[in-house]
Amino acid sequence: MASSTNEPELMNSLRLIARSLVHYRRTHFGLFIGTALAAAILTGALAIGDSVNHTLRTYALLRLGHVQFAAGSGERLFSAELASAARARLGAPVTAALLLPGMAIYQDPNTGEKTQINKVQALGVSTDFWSYAESPPLELGTREAALDLRLAKALGVKEGDSVALRIAKPGLLSRDAPLSSREEEASQRANFTVKAIVTDAQMGRFSLTPSQLPPSNFFVRISDLQQMAACADQANLLLAGPGCTLDRAQRTLSEVWRPEFSGLRVTQRSGTVLQLETNRVFLDDATEKAALSLPSAQGTLTYLVNALRNDSHSTPYSFMTAGGELSQGLSDDEMVINSWLAERLAAHEGARITIAYYVTLPSNRFEERARQFTVKRILPMEDFDAEKALVPDFPGLSNVESCKDWKIGMPMDEQLLKDEANEAYWREYRQTPKALVTLAAGQEMWGNRFGRLTAVRFPSSTMHADDIMAGIAKSLGPRDAGIELRPVHDEALSAAAQATDLGGMFLGMSFFLLVSALTLMGLLYAFGMQQRAEELGTLAALGYPRGRIRTILLCEALAVALPGSIAGTGLGLAYAWALMAGLSIYWQDAVGRIPILFDIQLTSVEAGAAGGVVCALVSAAFTLQRLLRHGAAELMNADFSQEARTRPRNLRDLAGASVALIGAIALVVYAVISPPAEIAMPFFVSGALTLAAGLLFMKYLFSRASSHRGARPPTTLSLAILNGTRRRGRSLGIVSSLAGGGFLVLAVSAMQSDIGANADQRSSGTGGFALYAEATAPILDPATLSTAVPGVNAIGIRVHDGDDASCLNLNRALTPRVLGVDEQELGRLKAFSGESSENIWAVLNQDLGDGAIPALVGDSDTAMWTLKKKTGLTDGDSLTYRDDAGRDVSVKLAGQLPMRLSVFQGAILISLKNFVRLWPSQEGFRVFLLDTPPNTASDTMVALRNAFDRHGLDVTTTVARLALFHAVEGTYLSMFLALGGVGLMLGATATGVVALRNIFERRREIALLWAVGFSPDAVFTLLACEYGLLLVLGSVIGAVASVVAMLPTMVSSHAGVSAMGRLGVFALVLISAMVCAGLALLLGLRKTSVSSLRTE
Amino acid sequence: MAEPLLSLRDIVKEYPESPRPLRVLTRVNLEVMPGESLAIVGPSGCGKSTLLNLIGTLDRPTSGAIIFKGRDLGAISENECARIRNTEIGFVFQMHHLLPQCSVLENALVPTLVNSNSGQSVERAQKLLERAGLSDRAHQLPGRLSGGERQRAAVVRALINQPSLLLADEPTGSLNQDGAEQLARLLLDLNREEALTLVVVTHSMAIAQMMDRVLEFRDGVLNERTGTHE
């Protein structure tokens, strides 16, 4: 190592560092390896984060192709002409599409086996649509379809096969509306020939929902789908861009918008009156307001009442009109009737006529109500001619020959439909109203969530049809029809960017691995520094200030850490590869079972490398800080085989242990008495307090044992205990490493609750329901499920589609799907109530005062992890939704279901009443909670699927649904266990290193034992007892802490604990630590001999 | 009359022990004049090295004052102590404590790094090495030197910054007789040539008697030993 030159050389700090680096290269190797490990762990975890982000971003872009903006109006259709008008003016791509929920069915011609895939996106598209893909446009002919790759695979079809599509047919008027037609099938089926199977690059993944999970897409010509849905030239999806800004595109839509696009029309049904009508029967609030603001506008509401009665006389099912010319001069309790009715009811002027009529409840049930009116005038039938002409067309009512052919939503008595007098009236006068009331009275009775007018009349003498439309167009834009472009491209990227932070999660899960690596590095560095303590002391004695010594040594550490971290980043890529392999083979549930595309950003490499260096420097600084607390003379005479002289603090340790233990017990008692929704805090805090108590108590015992010597002759055990107390810091380090690691492995693994336990309880996350069903096409009346399968009791839930905020979706959910629930029924059943004795559902009926809608989050995991939102009546966060009228509505997260996991995970819940108010056009129910007779769940599932295959009803057990979500949590725990286990193994290696170092420091003592006649076996036994005792103590403390932390969960009736199966992992770690320590002892003892005494 | 270079006034040193502190030095008083050579002798564990560490600012007294060049060393900061150790006081220990990774010349220059003036000190280091008979060993690592050579290298290192006081703690303790004598002569020569004040702790009466004064430690108390310097 001598300098090769005889020339005087300038000595400087860099030279000193360089000399030290070379001379102490072996001791620096530990720091190098530790830095490399830390950098590798950090880089690997960050690479996983980058890869997941890259994957989600890639899928987001594939999902949308070149589409920049999109407007989906759901069940409110608009004219596809809007797209061509906008395209012409905008000079950028704009295309209309029809997107309907559907089912794809394939029957194998050879085997006859039928495969049905539900929840398919039936997409009616024009050729323009394919220009959003990178690939050449696809020309679909009549009855030709393109299927996405996954759907084709699931169905088992290839190009040229014939496959059926069944769609949920959209009604112009929601089938929930009282006068809506039921004359046609709610679903329609047609056969298509598979022309192409499209890949993701060919828009096969097209979806507006931010999720990494691919949809099942069934593309057909838009005209074919319009024909199936009986909505010629209608669309419900508008796609725009690139080549324009959002503002310009939306402005263009407003400029080209015509009220006709949303189904409004002006008709001249009588000579003097122009009438504004809609193909949706009821004019919505915005249209009503716009129309009534025009001059001479007069609103009318025509309705079919159940009966008109005068004493014992009555006539069933009669049209009535509220408002209009003939009702002028009436007060709100008066009516005008025609002569036919007067005769039929034997009514005269001044008679009291009772009107019986149905109102629709949010649950889709009908409730009959009655109101009395006084006959003000009786007019001849010819005076009603104009009213007859002005009654709008009601599909299913107006176009039938006989009353008995009426098929509308509200229930009708078959016998009354056959009333001969009424039949005769229908034949002669058709839909002529039998009576008229004021508009106000009519709206009080028949106004509903779909609208309060069926027409607005204008005198043709002063208004022209164009004037009316132009006037309405001034007030009504596309947004009022639910057509507002959203920046879906940016939103998709944003959702992907804010996705579940798997990189952070892996960092967290690699925590033990990192801590173990740092511990190992710290130990090796500390031991290396202790060997150089004499040098440190010399420098101090020569007048080096401590800061200068620290700086020189940190620079030296930096010089080792830099190449270490560079090597570590390379190693990190291998670590990332291993994690990727884990994610694709064992942990698929963590990433929604999608293939992850590898990617790593330069910043991640830099961060990983920098992190490794920082870890090394912090570790080195910590070691130096401890070392440099010693004086120069002490350092020069370095003997670290003995604990440094410190003031004994036995009582303080004992008091600290007591306080920590009391705190842990208090927290456990509190958690048991009033289980908080947030279980993580009491779990970790009580566990940490118990660990602290155990370790402080150990410290107290070590201090006592080292200062109290008994009079009795020493035994192997007592010697082992005494030896353990000599280096209390190291002994406590071993104990705390195993205790901390063991605690987390044991406790976290035991958190894998048995979701099947208590599943039959109403208070659990299943609500006590046996089955959970979800239909592709809405079912109007949940009772039909009970009718179809006797013994089944169904609760229907309305669905407003949105983002999936469950743990299955890695993307950030911005507007989660909303479920409209029957809060009264669920409250009565005390379903999903957890431990709470209060009716948690009552919050949904709270009036929040500011117009906000109260909502419950589906479970606490959704609130905490995926939405990351606060819940509460006062401080809960709010989400903004757009209602059918295009208004922004604030939905306040007033609470959450009080369990970690429920069948409602990923959704938010509002009352049925509020749901139908916000989204009246969303018809029927699509989600069902089902009670079944005992032990019939399997049969019921099959029966329901068969009975409702046209609705694409998927039925599963509620436990299976919970298991689906729970699998993600289980996967995370598996990942944690795997990485934590490796970390603990590394920790066990550290135990071995400590053991080896201790033997090295005590070799003279051991040699002395041999010299006085101890056999090698006896010495090994003594040392094994010493380390075995420490490892067992660590295990016991870790186990006790995990039991204390888990107590609230174990006491809770909602989570079974399955800790036993996981004990193996802990045992493995303990055995590893013992093996490492044992090997270290054998190795250390082999290197020690009696000759060590010669230096004494 | 000249001012003493070093004055120790009622120095007491105790170490914390249970149940009561362990007292090592009991009211030690001493004055050392500039250029004086002084030997401190006494049995093992009597507190000689402790006293030397206190003088060298490696440790602080429990009570009493150490006045060096008119300054109370107990009243100055750690960093100021370090500066004094670096520039005013040289140390030679029983073990050489040379940095094993540095050559003899580099070791000699290590104290100069504190003030980054090694450039100016190379010449002095070479002179001192020549004076110590080590000029041909300047580029050797300490591992290749004999015990005596190492101690002489340590002396060179102690003197590199031209201190006014050299403290030597059992400098010959690990050397054979020849080496010990050679080192003692070197120290005394330097004492004369460099007007260096020398305080040597030693077991060797032969070495002690070569000094101007000999003090004896007994039971924590320092007494002048008379009749030894004939």
# chains A, B, ... in the order shown; residues from 1 in each chain; ligands from 1
$ residues_around --residues "B:Glu14" --least-positions-apart "3" --cutoff "8 Å" --atoms "only C-alpha atoms" --output "PyMOL selection string"
chain B and resi 21-25+61-62
$ closest_atom_pairs --of "chain B" --to "chain A" --cutoff "9 Å" --atoms "only C-alpha atoms" --output "Markdown table"
| residue | atom | partner | partner_atom | distance |
| --- | --- | --- | --- | --- |
| B:Pro16 | CA | A:Arg647 | CA | 7.9 |
| B:Glu17 | CA | A:Arg647 | CA | 8.5 |
| B:Ser18 | CA | A:Arg647 | CA | 8.8 |
| B:Asn53 | CA | A:Ala633 | CA | 7.3 |
| B:Gly56 | CA | A:Ala541 | CA | 8.1 |
| B:Thr57 | CA | A:Ala541 | CA | 8.5 |
| B:Leu58 | CA | A:Ala632 | CA | 6.0 |
| B:Asp59 | CA | A:Gly631 | CA | 7.2 |
| B:Glu78 | CA | A:Pro545 | CA | 7.6 |
| B:Asn79 | CA | A:Pro545 | CA | 5.7 |
| B:Glu80 | CA | A:Pro545 | CA | 8.7 |
| B:Cys81 | CA | A:Gly543 | CA | 7.6 |
| B:Ala82 | CA | A:Gly543 | CA | 4.1 |
| B:Arg83 | CA | A:Gly543 | CA | 5.6 |
| B:Ile84 | CA | A:Gly543 | CA | 7.0 |
| B:Arg85 | CA | A:Gly543 | CA | 4.7 |
| B:Asn86 | CA | A:Gly543 | CA | 4.0 |
| B:Thr87 | CA | A:Gly543 | CA | 7.7 |
| B:Ile89 | CA | A:Leu542 | CA | 8.6 |
| B:Gly90 | CA | A:Leu542 | CA | 7.5 |
| B:Phe91 | CA | A:Leu542 | CA | 7.4 |
| B:His97 | CA | A:Thr538 | CA | 6.3 |
| B:Leu98 | CA | A:Glu535 | CA | 7.8 |
| B:Leu99 | CA | A:Glu535 | CA | 6.3 |
| B:Pro100 | CA | A:His23 | CA | 7.8 |
| B:Gln101 | CA | A:His23 | CA | 5.4 |
| B:Cys102 | CA | A:Arg19 | CA | 6.4 |
| B:Ser103 | CA | A:Ala2 | CA | 6.2 |
| B:Leu105 | CA | A:Pro8 | CA | 8.2 |
| B:Glu106 | CA | A:Met11 | CA | 6.1 |
| B:Leu109 | CA | A:Met11 | CA | 6.6 |
| B:Val110 | CA | A:Met11 | CA | 7.4 |
| B:Pro111 | CA | A:Leu542 | CA | 5.8 |
| B:Thr112 | CA | A:Met11 | CA | 8.6 |
| B:Leu113 | CA | A:Asn12 | CA | 6.0 |
| B:Val114 | CA | A:Tyr544 | CA | 6.1 |
| B:Ser116 | CA | A:Asn12 | CA | 7.1 |
| B:Asn117 | CA | A:Asn12 | CA | 8.8 |
| B:Ser118 | CA | A:Met11 | CA | 6.0 |
| B:Gly119 | CA | A:Leu10 | CA | 5.9 |
| B:Val122 | CA | A:Pro8 | CA | 7.0 |
| B:Glu123 | CA | A:Pro8 | CA | 8.6 |
| B:Gln126 | CA | A:Pro8 | CA | 8.5 |
| B:Ala138 | CA | A:Asn6 | CA | 8.2 |
| B:His139 | CA | A:Ser3 | CA | 5.8 |
| B:Gln140 | CA | A:Ala2 | CA | 5.2 |
| B:Leu141 | CA | A:Ala2 | CA | 5.5 |
| B:Arg157 | CA | A:Leu542 | CA | 8.8 |
| B:Ala158 | CA | A:Leu542 | CA | 7.7 |
$ write_last_selection --atoms "C-alpha atoms" --output "mmCIF file, in the first residue's frame"
data_model
loop_
_atom_site.group_PDB
_atom_site.id
_atom_site.type_symbol
_atom_site.label_atom_id
_atom_site.label_comp_id
_atom_site.auth_asym_id
_atom_site.auth_seq_id
_atom_site.Cartn_x
_atom_site.Cartn_y
_atom_site.Cartn_z
ATOM 1 C CA PRO B 16 -19.522 8.170 37.741
ATOM 2 C CA GLU B 17 -19.833 4.819 39.445
ATOM 3 C CA SER B 18 -22.474 3.191 41.512
ATOM 4 C CA ASN B 53 -5.517 13.551 29.097
ATOM 5 C CA GLY B 56 -4.142 17.580 26.611
ATOM 6 C CA THR B 57 -7.834 18.618 26.656
ATOM 7 C CA LEU B 58 -8.878 15.075 25.839
ATOM 8 C CA ASP B 59 -10.895 15.089 29.024
ATOM 9 C CA GLU B 78 -14.786 21.748 22.336
ATOM 10 C CA ASN B 79 -13.713 23.194 19.007
ATOM 11 C CA GLU B 80 -11.266 25.566 20.685
ATOM 12 C CA CYS B 81 -9.854 22.605 22.631
ATOM 13 C CA ALA B 82 -9.432 20.800 19.314
ATOM 14 C CA ARG B 83 -7.634 23.818 17.878
ATOM 15 C CA ILE B 84 -5.270 23.925 20.861
ATOM 16 C CA ARG B 85 -4.596 20.192 20.551
ATOM 17 C CA ASN B 86 -3.877 20.688 16.901
ATOM 18 C CA THR B 87 -1.549 23.679 17.135
ATOM 19 C CA ILE B 89 -0.014 20.589 22.145
ATOM 20 C CA GLY B 90 1.574 17.536 20.645
ATOM 21 C CA PHE B 91 0.723 14.029 21.790
ATOM 22 C CA HIS B 97 -1.814 5.237 16.722
ATOM 23 C CA LEU B 98 -0.564 5.834 13.225
ATOM 24 C CA LEU B 99 -3.220 5.591 10.518
ATOM 25 C CA PRO B 100 -2.520 2.244 8.883
ATOM 26 C CA GLN B 101 -3.741 3.406 5.494
ATOM 27 C CA CYS B 102 -1.284 6.345 5.276
ATOM 28 C CA SER B 103 2.447 6.391 4.699
ATOM 29 C CA LEU B 105 5.017 11.097 5.619
ATOM 30 C CA GLU B 106 1.238 11.246 5.221
ATOM 31 C CA LEU B 109 1.060 15.524 7.766
ATOM 32 C CA VAL B 110 -2.358 14.395 9.045
ATOM 33 C CA PRO B 111 -2.516 17.131 11.757
ATOM 34 C CA THR B 112 -1.888 19.780 9.128
ATOM 35 C CA LEU B 113 -5.085 18.863 7.258
ATOM 36 C CA VAL B 114 -7.191 20.540 9.906
ATOM 37 C CA SER B 116 -5.343 22.742 5.112
ATOM 38 C CA ASN B 117 -1.722 23.850 5.237
ATOM 39 C CA SER B 118 -0.017 20.592 4.450
ATOM 40 C CA GLY B 119 1.669 22.220 1.458
ATOM 41 C CA VAL B 122 5.827 18.970 3.825
ATOM 42 C CA GLU B 123 9.290 20.473 4.136
ATOM 43 C CA GLN B 126 10.702 15.825 5.849
ATOM 44 C CA ALA B 138 8.840 8.302 4.624
ATOM 45 C CA HIS B 139 6.791 6.470 2.025
ATOM 46 C CA GLN B 140 6.385 3.242 3.919
ATOM 47 C CA LEU B 141 3.146 2.245 5.550
ATOM 48 C CA ARG B 157 3.450 13.785 13.734
ATOM 49 C CA ALA B 158 3.115 15.322 17.204
#
$ atom_distance --atom1 "atom CA of A:Ala122" --atom2 "atom CA of A:Met103"
8.0 Å
$ residues_around --residues "stretch 208-213 of chain B" --least-positions-apart "2" --cutoff "7 Å" --atoms "only C-alpha atoms" --output "ChimeraX atom specification"
/B:36-39,202,204-206,215,228-229
$ write_last_selection --atoms "C-alpha atoms" --output "PDB file, in the first residue's frame"
ATOM      1  CA  GLU B  36      11.048  22.473  30.873  1.00  0.00           C
ATOM      2  CA  SER B  37      11.090  18.682  30.668  1.00  0.00           C
ATOM      3  CA  LEU B  38       9.089  16.844  33.227  1.00  0.00           C
ATOM      4  CA  ALA B  39       8.527  13.194  34.033  1.00  0.00           C
ATOM      5  CA  THR B 202       6.559   6.813  32.260  1.00  0.00           C
ATOM      6  CA  SER B 204      10.837   3.848  33.456  1.00  0.00           C
ATOM      7  CA  MET B 205      12.948   5.561  36.070  1.00  0.00           C
ATOM      8  CA  ALA B 206      15.818   5.600  33.578  1.00  0.00           C
ATOM      9  CA  LEU B 215       6.968  14.044  39.852  1.00  0.00           C
ATOM     10  CA  THR B 228      16.567  11.539  41.591  1.00  0.00           C
ATOM     11  CA  HIS B 229      18.392  13.903  39.302  1.00  0.00           C
TER      12      HIS B 229
END
$ atom_distance --atom1 "atom CA of A:Ser174" --atom2 "atom CA of A:Arg280"
8.1 Å
$ select_by_dssp --residues "stretch 9-168 of chain B" --states "strand (DSSP E)" --output "CSV table (one decimal) with C-alpha atoms, in the first residue's frame"
chain,number,residue,atom,x,y,z
B,9,ARG,CA,-4.9,24.2,40.2
B,10,ASP,CA,-6.7,21.9,42.6
B,11,ILE,CA,-7.5,19.4,39.9
B,12,VAL,CA,-10.1,16.8,40.8
B,13,LYS,CA,-11.3,14.1,38.5
B,14,GLU,CA,-14.1,11.6,39.3
B,15,TYR,CA,-15.8,9.0,37.2
B,22,LEU,CA,-14.7,7.0,41.6
B,23,ARG,CA,-12.2,9.7,42.4
B,24,VAL,CA,-8.9,9.4,40.4
B,25,LEU,CA,-7.2,12.7,41.0
B,26,THR,CA,-7.4,14.6,44.3
B,27,ARG,CA,-6.5,18.3,44.3
B,28,VAL,CA,-3.5,18.1,41.9
B,29,ASN,CA,-1.5,21.2,41.6
B,30,LEU,CA,1.4,21.7,39.1
B,31,GLU,CA,3.3,24.4,37.3
B,32,VAL,CA,5.4,23.7,34.2
B,37,SER,CA,11.1,18.7,30.7
B,38,LEU,CA,9.1,16.8,33.2
B,39,ALA,CA,8.5,13.2,34.0
B,40,ILE,CA,5.5,11.8,35.9
B,41,VAL,CA,6.0,8.4,37.5
B,63,SER,CA,-13.2,20.6,39.4
B,64,GLY,CA,-10.1,22.8,39.4
B,65,ALA,CA,-8.5,24.8,36.6
B,66,ILE,CA,-5.9,24.1,33.9
B,67,ILE,CA,-4.3,27.2,32.8
B,68,PHE,CA,-2.4,26.9,29.5
B,71,ARG,CA,-6.0,30.5,29.3
B,72,ASP,CA,-8.3,28.4,31.4
B,89,ILE,CA,0.0,20.6,22.1
B,90,GLY,CA,1.6,17.5,20.6
B,91,PHE,CA,0.7,14.0,21.8
B,92,VAL,CA,2.7,10.8,21.8
B,165,LEU,CA,4.0,21.5,24.7
B,166,LEU,CA,4.6,17.8,24.0
B,167,LEU,CA,2.8,15.3,26.1
B,168,ALA,CA,4.1,11.7,26.0
$ closest_atom_pairs --of "stretch 69-143 of chain A" --to "stretch 798-807 of chain A" --cutoff "12 Å" --atoms "only C-alpha atoms" --output "Markdown table"
| residue | atom | partner | partner_atom | distance |
| --- | --- | --- | --- | --- |
| A:Gly72 | CA | A:Asp801 | CA | 11.2 |
| A:Ser73 | CA | A:Asp801 | CA | 11.5 |
| A:Gly74 | CA | A:Asp801 | CA | 9.1 |
| A:Glu75 | CA | A:His800 | CA | 10.7 |
| A:Pro101 | CA | A:Asp801 | CA | 11.2 |
$ write_last_selection --atoms "C-alpha atoms" --output "mmCIF file, in the first residue's frame"
data_model
loop_
_atom_site.group_PDB
_atom_site.id
_atom_site.type_symbol
_atom_site.label_atom_id
_atom_site.label_comp_id
_atom_site.auth_asym_id
_atom_site.auth_seq_id
_atom_site.Cartn_x
_atom_site.Cartn_y
_atom_site.Cartn_z
ATOM 1 C CA GLY A 72 -73.036 10.460 -23.347
ATOM 2 C CA SER A 73 -76.697 11.164 -22.746
ATOM 3 C CA GLY A 74 -77.545 7.667 -21.547
ATOM 4 C CA GLU A 75 -81.189 6.910 -21.971
ATOM 5 C CA PRO A 101 -76.331 -2.315 -22.771
#
$ decode --residues "stretch 339-357 of chain A" --atoms "N, CA and C atoms" --output "CSV table (one decimal), in the first residue's frame"
chain,number,residue,atom,x,y,z
A,339,SER,N,-120.6,16.0,-22.2
A,339,SER,CA,-122.0,15.5,-22.0
A,339,SER,C,-122.1,14.0,-21.9
A,340,TRP,N,-121.2,13.3,-22.5
A,340,TRP,CA,-121.2,11.8,-22.4
A,340,TRP,C,-120.9,11.5,-21.0
A,341,LEU,N,-120.0,12.1,-20.3
A,341,LEU,CA,-119.7,11.8,-19.0
A,341,LEU,C,-120.8,12.2,-18.0
A,342,ALA,N,-121.4,13.3,-18.3
A,342,ALA,CA,-122.5,13.8,-17.5
A,342,ALA,C,-123.6,12.8,-17.5
A,343,GLU,N,-123.9,12.3,-18.7
A,343,GLU,CA,-124.9,11.3,-18.8
A,343,GLU,C,-124.5,10.0,-18.1
A,344,ARG,N,-123.3,9.6,-18.3
A,344,ARG,CA,-122.8,8.3,-17.8
A,344,ARG,C,-122.8,8.3,-16.2
A,345,LEU,N,-122.4,9.5,-15.7
A,345,LEU,CA,-122.4,9.6,-14.2
A,345,LEU,C,-123.6,10.2,-13.6
A,346,ALA,N,-124.6,10.5,-14.5
A,346,ALA,CA,-125.8,11.1,-14.0
A,346,ALA,C,-125.4,12.4,-13.2
A,347,ALA,N,-124.5,13.1,-13.8
A,347,ALA,CA,-124.0,14.3,-13.1
A,347,ALA,C,-124.6,15.6,-13.7
A,348,HIS,N,-124.8,16.5,-12.9
A,348,HIS,CA,-125.3,17.8,-13.3
A,348,HIS,C,-124.4,18.9,-12.8
A,349,GLU,N,-124.6,20.1,-13.2
A,349,GLU,CA,-123.7,21.1,-12.8
A,349,GLU,C,-123.9,21.3,-11.2
A,350,GLY,N,-122.8,21.4,-10.6
A,350,GLY,CA,-122.7,21.4,-9.1
A,350,GLY,C,-122.5,20.0,-8.5
A,351,ALA,N,-122.5,19.0,-9.3
A,351,ALA,CA,-122.3,17.6,-8.8
A,351,ALA,C,-120.8,17.5,-8.3
A,352,ARG,N,-120.6,16.6,-7.4
A,352,ARG,CA,-119.3,16.4,-6.9
A,352,ARG,C,-118.7,15.1,-7.5
A,353,ILE,N,-117.8,15.2,-8.4
A,353,ILE,CA,-117.2,14.1,-9.1
A,353,ILE,C,-115.9,13.7,-8.4
A,354,THR,N,-115.7,12.5,-8.2
A,354,THR,CA,-114.4,12.0,-7.6
A,354,THR,C,-113.5,11.4,-8.7
A,355,ILE,N,-112.3,11.9,-8.7
A,355,ILE,CA,-111.3,11.4,-9.7
A,355,ILE,C,-110.4,10.5,-9.0
A,356,ALA,N,-110.3,9.3,-9.4
A,356,ALA,CA,-109.3,8.3,-8.9
A,356,ALA,C,-108.1,8.2,-9.9
A,357,TYR,N,-106.9,8.3,-9.4
A,357,TYR,CA,-105.8,8.3,-10.3
A,357,TYR,C,-104.6,7.7,-9.6
